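> Below: one structure in structure tokens.
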Amino acid sequence: MTHHLKLANSDAPSRQIGDYAQTETAINIRRSLDLVESIKGGALTIVSGAPGIGKTAALKAFKAETDAIYVQVAKGEGTPRNFAYVFFLAFMGGRPAFTSISEARSLIECYMDKRTLIVDEAQYLDQRTRGNPQKGEVFEWLRAASEHGGFNLVFAGDRSLADIIGRFPQLQSRMVRPVVIDSVSIADVTAILEGTPFTGREAVYALHAIGRLPGGLRNVENVLRMATAFAGADVPNTAHLKAAILDMNLAPRGVRK
């Protein structure tokens, strides 16, 4: 029989859930970003892994501490011209006049001024350009801009990104310390739980199982929010945690509700 706890108001959550955490994955990503930053001049790397493992949080934390430029692309924006539109819209409020993608590339080189460009959701760059049967033209276009303009380049995306980059020998041969992460680790979950009431062995293992589901650490954070809400003014405990997991339909098969 399912036992649901009623939501209660809580004015003082025990932890600011969703804040950036120094997870094992974040530290691994940061090592590669710092290495690229130290090279200064056309260095390239990738960060590839399942959604929800903390890639974007680590990238944005790096951006906040450096002069790196962060661009997130969406499906359909994977041509040189479309990427240029996205780039200039994000950082200039509009696009300067350019008549060709070569001119757009030169403008990006000038704007970057030897900084590091992070392209998130880069799997969406694997798109065909009109008149070109090959996919992913923008990868080579950005690689050429990076080398000519002397700025560093980081492609980040889902699991498919590593295989996509593997199709481009010019990119593959230039990569320094690529990061490919298959799933959330126990160390990642432990870091997320630091400072919360859920630091016991039982909670860590239960939430690690949740973190390995599609959604990754987002699942873990959502469960923590729900458990904290169930607890209200009380200190959250494993009963609240279990109730949150069941209520969000994240319990493993065979677990009774």
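Residue numbering restarts at 1 in every chain; chains get A, B, ... in the order shown in the structure tokens, and ligands count up from 1 in that same order.
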Tell me, as a list of chain:residue names, which residues lie within 9 Å of stretch 97-101 of chain A, counting only C-alpha atoms; anything in the same chain fewer than 4 positions away does not count.
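So, after excluding close chain neighbours, the residues are A:Pro80, A:Arg81, A:Ala84, A:Arg105, A:Ser106, A:Leu107, A:Trp141.
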> Could those selected residues go to a file with N, CA and C atoms, as a compact mmCIF listing (two decimals), in the first residue's frame?

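So the final result, stored in selection-v2.txt, reads:
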```txt
# COMPACT_ATOMS: atom_id res chain seq x y z
N PRO A 80 27.27 26.89 -40.01
CA PRO A 80 28.11 28.05 -39.69
C PRO A 80 27.33 29.36 -39.61
N ARG A 81 26.45 29.59 -40.57
CA ARG A 81 25.69 30.85 -40.55
C ARG A 81 24.78 30.93 -39.34
N ALA A 84 26.77 31.55 -36.20
CA ALA A 84 27.20 32.95 -36.11
C ALA A 84 26.06 33.83 -35.59
N ARG A 105 33.24 34.30 -39.69
CA ARG A 105 34.32 33.64 -38.96
C ARG A 105 35.36 34.64 -38.51
N SER A 106 35.74 35.56 -39.38
CA SER A 106 36.73 36.58 -39.03
C SER A 106 36.24 37.46 -37.88
N LEU A 107 34.93 37.79 -37.90
CA LEU A 107 34.37 38.61 -36.83
C LEU A 107 34.40 37.86 -35.49
N TRP A 141 34.67 24.41 -39.36
CA TRP A 141 34.63 25.87 -39.49
C TRP A 141 35.12 26.54 -38.20
```
> So that I can check the surroundings of A:Gly136, please list as a PDB file with N, CA and C atoms, in the first residue's frame every protein, DNA and RNA residue that reaches within 7 Å of it, counting only C-alpha atoms and ignoring chain neighbours fewer than 3 positions away.

```pdb
ATOM      1  N   LEU A 125      25.404  20.462 -33.535  1.00  0.00           N
ATOM      2  CA  LEU A 125      26.183  20.986 -34.657  1.00  0.00           C
ATOM      3  C   LEU A 125      26.364  19.946 -35.757  1.00  0.00           C
ATOM      4  N   ASP A 126      25.997  18.709 -35.468  1.00  0.00           N
ATOM      5  CA  ASP A 126      26.142  17.634 -36.456  1.00  0.00           C
ATOM      6  C   ASP A 126      24.954  17.675 -37.415  1.00  0.00           C
ATOM      7  N   GLN A 127      24.953  18.687 -38.252  1.00  0.00           N
ATOM      8  CA  GLN A 127      23.826  18.978 -39.135  1.00  0.00           C
ATOM      9  C   GLN A 127      24.343  19.215 -40.548  1.00  0.00           C
ATOM     10  N   ARG A 128      23.547  18.851 -41.520  1.00  0.00           N
ATOM     11  CA  ARG A 128      23.923  19.082 -42.911  1.00  0.00           C
ATOM     12  C   ARG A 128      23.685  20.540 -43.277  1.00  0.00           C
ATOM     13  N   PHE A 139      31.854  22.158 -37.292  1.00  0.00           N
ATOM     14  CA  PHE A 139      32.972  21.739 -36.437  1.00  0.00           C
ATOM     15  C   PHE A 139      34.303  22.169 -37.054  1.00  0.00           C
TER      16      PHE A 139
END
```
> Can you tell me, as a ChimeraX atom specification, what residues are no more than 10 Å from stretch 202-205 of chain A when counting only C-alpha atoms, ignoring any on the same chain fewer than 6 positions away?
/A:186-193,211,237-238,241-242
> Convert the current residue selection to file output with all heavy atoms, as a short mmCIF file (atom, residue, chain, number, x, y, z; two decimals), in the first residue's frame.

```
data_model
loop_
_atom_site.label_atom_id
_atom_site.label_comp_id
_atom_site.auth_asym_id
_atom_site.auth_seq_id
_atom_site.Cartn_x
_atom_site.Cartn_y
_atom_site.Cartn_z
N ILE A 186 29.09 7.29 -7.46
CA ILE A 186 28.74 7.44 -6.03
C ILE A 186 29.40 8.69 -5.46
O ILE A 186 28.80 9.41 -4.64
CB ILE A 186 29.16 6.18 -5.25
CG1 ILE A 186 28.22 5.01 -5.56
CG2 ILE A 186 29.15 6.45 -3.74
CD1 ILE A 186 28.51 3.74 -4.80
N ALA A 187 30.62 8.98 -5.90
CA ALA A 187 31.30 10.18 -5.42
C ALA A 187 30.55 11.45 -5.83
O ALA A 187 30.49 12.43 -5.07
CB ALA A 187 32.73 10.22 -5.97
N ASP A 188 29.96 11.45 -7.03
CA ASP A 188 29.14 12.60 -7.46
C ASP A 188 27.96 12.79 -6.52
O ASP A 188 27.67 13.91 -6.08
CB ASP A 188 28.62 12.37 -8.88
CG ASP A 188 29.69 12.47 -9.95
OD1 ASP A 188 30.73 13.10 -9.69
OD2 ASP A 188 29.49 11.92 -11.05
N VAL A 189 27.25 11.70 -6.23
CA VAL A 189 26.08 11.77 -5.36
C VAL A 189 26.48 12.21 -3.95
O VAL A 189 25.81 13.04 -3.33
CB VAL A 189 25.34 10.42 -5.33
CG1 VAL A 189 24.21 10.44 -4.30
CG2 VAL A 189 24.79 10.08 -6.71
N THR A 190 27.58 11.69 -3.46
CA THR A 190 28.06 12.06 -2.12
C THR A 190 28.32 13.56 -2.04
O THR A 190 27.98 14.22 -1.04
CB THR A 190 29.35 11.29 -1.78
OG1 THR A 190 29.08 9.88 -1.82
CG2 THR A 190 29.86 11.65 -0.39
N ALA A 191 28.89 14.14 -3.10
CA ALA A 191 29.15 15.58 -3.12
C ALA A 191 27.86 16.39 -3.14
O ALA A 191 27.75 17.43 -2.48
CB ALA A 191 30.02 15.94 -4.32
N ILE A 192 26.87 15.91 -3.88
CA ILE A 192 25.57 16.58 -3.93
C ILE A 192 24.89 16.57 -2.57
O ILE A 192 24.21 17.52 -2.18
CB ILE A 192 24.66 15.91 -4.99
CG1 ILE A 192 25.19 16.15 -6.41
CG2 ILE A 192 23.22 16.38 -4.87
CD1 ILE A 192 25.08 17.57 -6.88
N LEU A 193 25.10 15.48 -1.82
CA LEU A 193 24.43 15.33 -0.52
C LEU A 193 25.15 16.03 0.62
O LEU A 193 24.60 16.14 1.72
CB LEU A 193 24.28 13.84 -0.18
CG LEU A 193 23.43 13.00 -1.14
CD1 LEU A 193 23.34 11.57 -0.65
CD2 LEU A 193 22.04 13.60 -1.29
N GLY A 211 20.27 8.47 -9.49
CA GLY A 211 21.12 9.27 -10.36
C GLY A 211 21.55 8.55 -11.63
O GLY A 211 21.92 9.19 -12.62
N ASN A 237 14.33 12.93 6.87
CA ASN A 237 14.96 11.65 7.17
C ASN A 237 14.70 10.67 6.03
O ASN A 237 14.12 11.03 5.00
CB ASN A 237 14.48 11.12 8.52
CG ASN A 237 12.96 10.97 8.56
OD1 ASN A 237 12.34 10.56 7.58
ND2 ASN A 237 12.36 11.31 9.70
N THR A 238 15.10 9.42 6.24
CA THR A 238 14.98 8.43 5.18
C THR A 238 13.52 8.13 4.83
O THR A 238 13.23 7.74 3.69
CB THR A 238 15.70 7.12 5.56
OG1 THR A 238 15.22 6.67 6.83
CG2 THR A 238 17.20 7.33 5.61
N LEU A 241 12.65 10.66 2.36
CA LEU A 241 13.37 10.34 1.13
C LEU A 241 12.66 9.24 0.35
O LEU A 241 12.44 9.34 -0.86
CB LEU A 241 14.81 9.93 1.46
CG LEU A 241 15.76 9.76 0.27
CD1 LEU A 241 16.00 11.07 -0.41
CD2 LEU A 241 17.07 9.14 0.75
N LYS A 242 12.28 8.17 1.06
CA LYS A 242 11.59 7.07 0.41
C LYS A 242 10.25 7.53 -0.16
O LYS A 242 9.87 7.16 -1.28
CB LYS A 242 11.36 5.93 1.41
CG LYS A 242 10.65 4.73 0.80
CD LYS A 242 10.46 3.61 1.82
CE LYS A 242 9.71 2.44 1.19
NZ LYS A 242 9.50 1.33 2.16
#
```
> For A:Ser48, please output as number ranges by chain all residues within 8 Å (counting only C-alpha atoms; exclusion window: fewer than 4 positions along the same chain).
A: 156-162, 179-181
> Okay, now the selection with N, CA, C and O atoms, as a PDB file, in the first residue's frame?

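Okay, again10.pdb is ready:
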```pdb
ATOM      1  N   ALA A 156      30.993  20.610 -25.838  1.00  0.00           N
ATOM      2  CA  ALA A 156      30.370  19.802 -24.791  1.00  0.00           C
ATOM      3  C   ALA A 156      29.028  19.297 -25.293  1.00  0.00           C
ATOM      4  O   ALA A 156      28.306  20.013 -25.997  1.00  0.00           O
ATOM      5  N   GLY A 157      28.692  18.051 -24.928  1.00  0.00           N
ATOM      6  CA  GLY A 157      27.419  17.518 -25.380  1.00  0.00           C
ATOM      7  C   GLY A 157      27.140  16.147 -24.809  1.00  0.00           C
ATOM      8  O   GLY A 157      27.818  15.688 -23.885  1.00  0.00           O
ATOM      9  N   ASP A 158      26.156  15.488 -25.375  1.00  0.00           N
ATOM     10  CA  ASP A 158      25.736  14.189 -24.862  1.00  0.00           C
ATOM     11  C   ASP A 158      26.691  13.083 -25.300  1.00  0.00           C
ATOM     12  O   ASP A 158      27.755  13.351 -25.865  1.00  0.00           O
ATOM     13  N   ARG A 159      26.316  11.834 -25.027  1.00  0.00           N
ATOM     14  CA  ARG A 159      27.207  10.701 -25.296  1.00  0.00           C
ATOM     15  C   ARG A 159      27.612  10.599 -26.761  1.00  0.00           C
ATOM     16  O   ARG A 159      28.665  10.073 -27.089  1.00  0.00           O
ATOM     17  N   SER A 160      26.752  11.072 -27.653  1.00  0.00           N
ATOM     18  CA  SER A 160      27.034  10.937 -29.082  1.00  0.00           C
ATOM     19  C   SER A 160      28.179  11.838 -29.542  1.00  0.00           C
ATOM     20  O   SER A 160      28.762  11.604 -30.608  1.00  0.00           O
ATOM     21  N   LEU A 161      28.512  12.854 -28.756  1.00  0.00           N
ATOM     22  CA  LEU A 161      29.499  13.831 -29.195  1.00  0.00           C
ATOM     23  C   LEU A 161      30.866  13.215 -29.457  1.00  0.00           C
ATOM     24  O   LEU A 161      31.538  13.555 -30.442  1.00  0.00           O
ATOM     25  N   ALA A 162      31.309  12.309 -28.595  1.00  0.00           N
ATOM     26  CA  ALA A 162      32.626  11.696 -28.780  1.00  0.00           C
ATOM     27  C   ALA A 162      32.704  10.960 -30.109  1.00  0.00           C
ATOM     28  O   ALA A 162      33.714  11.037 -30.827  1.00  0.00           O
ATOM     29  N   VAL A 179      37.145  14.550 -22.051  1.00  0.00           N
ATOM     30  CA  VAL A 179      36.414  13.989 -20.922  1.00  0.00           C
ATOM     31  C   VAL A 179      35.165  13.283 -21.452  1.00  0.00           C
ATOM     32  O   VAL A 179      34.320  13.922 -22.087  1.00  0.00           O
ATOM     33  N   VAL A 180      35.064  11.985 -21.221  1.00  0.00           N
ATOM     34  CA  VAL A 180      33.897  11.208 -21.623  1.00  0.00           C
ATOM     35  C   VAL A 180      33.381  10.488 -20.383  1.00  0.00           C
ATOM     36  O   VAL A 180      34.086   9.675 -19.783  1.00  0.00           O
ATOM     37  N   ILE A 181      32.168  10.805 -19.964  1.00  0.00           N
ATOM     38  CA  ILE A 181      31.600  10.295 -18.711  1.00  0.00           C
ATOM     39  C   ILE A 181      30.324   9.532 -19.027  1.00  0.00           C
ATOM     40  O   ILE A 181      29.399  10.079 -19.630  1.00  0.00           O
TER      41      ILE A 181
END
```
> Excluding stretch 149-155 of chain A and any residue of its chain fewer than 5 positions from it, enumerate the residues within 6 Å of it, using only C-alpha atoms, and give them as number ranges by chain.
A: 41-46, 109, 114-119, 122
> Just the selected residues (all heavy atoms), exported as a tab-separated table (two decimals), in the first residue's frame, please.

```tsv
chain	number	residue	atom	x	y	z
A	41	GLY	N	45.91	29.38	-27.13
A	41	GLY	CA	46.19	29.50	-28.54
A	41	GLY	C	45.78	28.31	-29.38
A	41	GLY	O	46.63	27.55	-29.84
A	42	GLY	N	44.48	28.11	-29.56
A	42	GLY	CA	44.02	27.07	-30.46
A	42	GLY	C	43.88	25.69	-29.86
A	42	GLY	O	43.76	24.72	-30.59
A	43	ALA	N	43.89	25.57	-28.54
A	43	ALA	CA	43.72	24.26	-27.91
A	43	ALA	C	42.26	23.83	-28.04
A	43	ALA	O	41.35	24.65	-28.10
A	43	ALA	CB	44.14	24.30	-26.45
A	44	LEU	N	42.04	22.51	-28.05
A	44	LEU	CA	40.71	21.96	-28.27
A	44	LEU	C	40.48	20.77	-27.35
A	44	LEU	O	41.37	19.93	-27.16
A	44	LEU	CB	40.59	21.51	-29.73
A	44	LEU	CG	39.40	20.63	-30.11
A	44	LEU	CD1	38.10	21.42	-30.06
A	44	LEU	CD2	39.60	20.04	-31.51
A	45	THR	N	39.27	20.69	-26.77
A	45	THR	CA	38.89	19.49	-26.03
A	45	THR	C	37.39	19.29	-26.13
A	45	THR	O	36.67	20.16	-26.64
A	45	THR	CB	39.34	19.54	-24.57
A	45	THR	OG1	39.29	18.23	-24.00
A	45	THR	CG2	38.46	20.47	-23.74
A	46	ILE	N	36.92	18.13	-25.65
A	46	ILE	CA	35.49	17.86	-25.61
A	46	ILE	C	35.11	17.39	-24.21
A	46	ILE	O	35.92	16.84	-23.47
A	46	ILE	CB	35.06	16.80	-26.65
A	46	ILE	CG1	35.64	15.41	-26.32
A	46	ILE	CG2	35.42	17.23	-28.05
A	46	ILE	CD1	34.98	14.28	-27.10
A	109	GLU	N	36.55	35.53	-34.68
A	109	GLU	CA	37.96	35.49	-34.28
A	109	GLU	C	38.34	36.78	-33.57
A	109	GLU	O	39.02	36.76	-32.52
A	109	GLU	CB	38.84	35.29	-35.51
A	109	GLU	CG	38.73	33.93	-36.15
A	109	GLU	CD	39.49	33.84	-37.46
A	109	GLU	OE1	40.23	34.79	-37.79
A	109	GLU	OE2	39.32	32.83	-38.17
A	114	LYS	N	41.43	35.59	-28.31
A	114	LYS	CA	42.28	34.58	-27.68
A	114	LYS	C	41.71	34.00	-26.38
A	114	LYS	O	42.43	33.45	-25.56
A	114	LYS	CB	43.70	35.11	-27.45
A	114	LYS	CG	44.39	35.58	-28.73
A	114	LYS	CD	45.83	35.94	-28.51
A	114	LYS	CE	46.46	36.48	-29.79
A	114	LYS	NZ	46.37	35.57	-30.92
A	115	ARG	N	40.41	34.16	-26.19
A	115	ARG	CA	39.78	33.55	-25.02
A	115	ARG	C	39.37	32.11	-25.33
A	115	ARG	O	39.75	31.55	-26.36
A	115	ARG	CB	38.57	34.39	-24.60
A	115	ARG	CG	38.97	35.75	-24.05
A	115	ARG	CD	37.78	36.56	-23.63
A	115	ARG	NE	37.05	37.09	-24.77
A	115	ARG	CZ	36.04	37.97	-24.67
A	115	ARG	NH1	35.66	38.38	-23.48
A	115	ARG	NH2	35.43	38.40	-25.74
A	116	THR	N	38.62	31.50	-24.43
A	116	THR	CA	38.13	30.13	-24.63
A	116	THR	C	36.65	30.18	-24.97
A	116	THR	O	35.86	30.80	-24.24
A	116	THR	CB	38.35	29.28	-23.36
A	116	THR	OG1	39.74	29.15	-23.11
A	116	THR	CG2	37.74	27.89	-23.53
A	117	LEU	N	36.27	29.52	-26.06
A	117	LEU	CA	34.88	29.43	-26.47
A	117	LEU	C	34.34	28.06	-26.09
A	117	LEU	O	34.87	27.03	-26.53
A	117	LEU	CB	34.75	29.65	-27.98
A	117	LEU	CG	33.34	29.43	-28.57
A	117	LEU	CD1	32.33	30.38	-27.95
A	117	LEU	CD2	33.37	29.58	-30.09
A	118	ILE	N	33.28	28.03	-25.28
A	118	ILE	CA	32.62	26.79	-24.87
A	118	ILE	C	31.32	26.69	-25.64
A	118	ILE	O	30.46	27.57	-25.55
A	118	ILE	CB	32.34	26.77	-23.36
A	118	ILE	CG1	33.65	26.91	-22.57
A	118	ILE	CG2	31.61	25.50	-22.97
A	118	ILE	CD1	33.42	27.15	-21.08
A	119	VAL	N	31.17	25.61	-26.40
A	119	VAL	CA	29.94	25.37	-27.15
A	119	VAL	C	29.22	24.19	-26.51
A	119	VAL	O	29.66	23.04	-26.62
A	119	VAL	CB	30.24	25.07	-28.64
A	119	VAL	CG1	28.92	24.91	-29.40
A	119	VAL	CG2	31.08	26.18	-29.26
A	122	ALA	N	26.75	20.57	-28.15
A	122	ALA	CA	27.42	20.60	-29.45
A	122	ALA	C	27.01	19.46	-30.36
A	122	ALA	O	27.33	19.48	-31.56
A	122	ALA	CB	28.94	20.60	-29.25
```
> Taking only C-alpha atoms into account, which of A:Gly215, A:Pro169, A:Gly78, A:Pro178 comes nearest A:Arg130?
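Once distances to A:Arg130 are computed over only C-alpha atoms, the minimum belongs to A:Gly78.
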> Between A:Pro197, A:Pro133, A:Gly216, A:Gly52, which one has atoms that come closest to A:Leu250, using only C-alpha atoms?
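Among the listed residues, A:Gly216 lies closest to A:Leu250.
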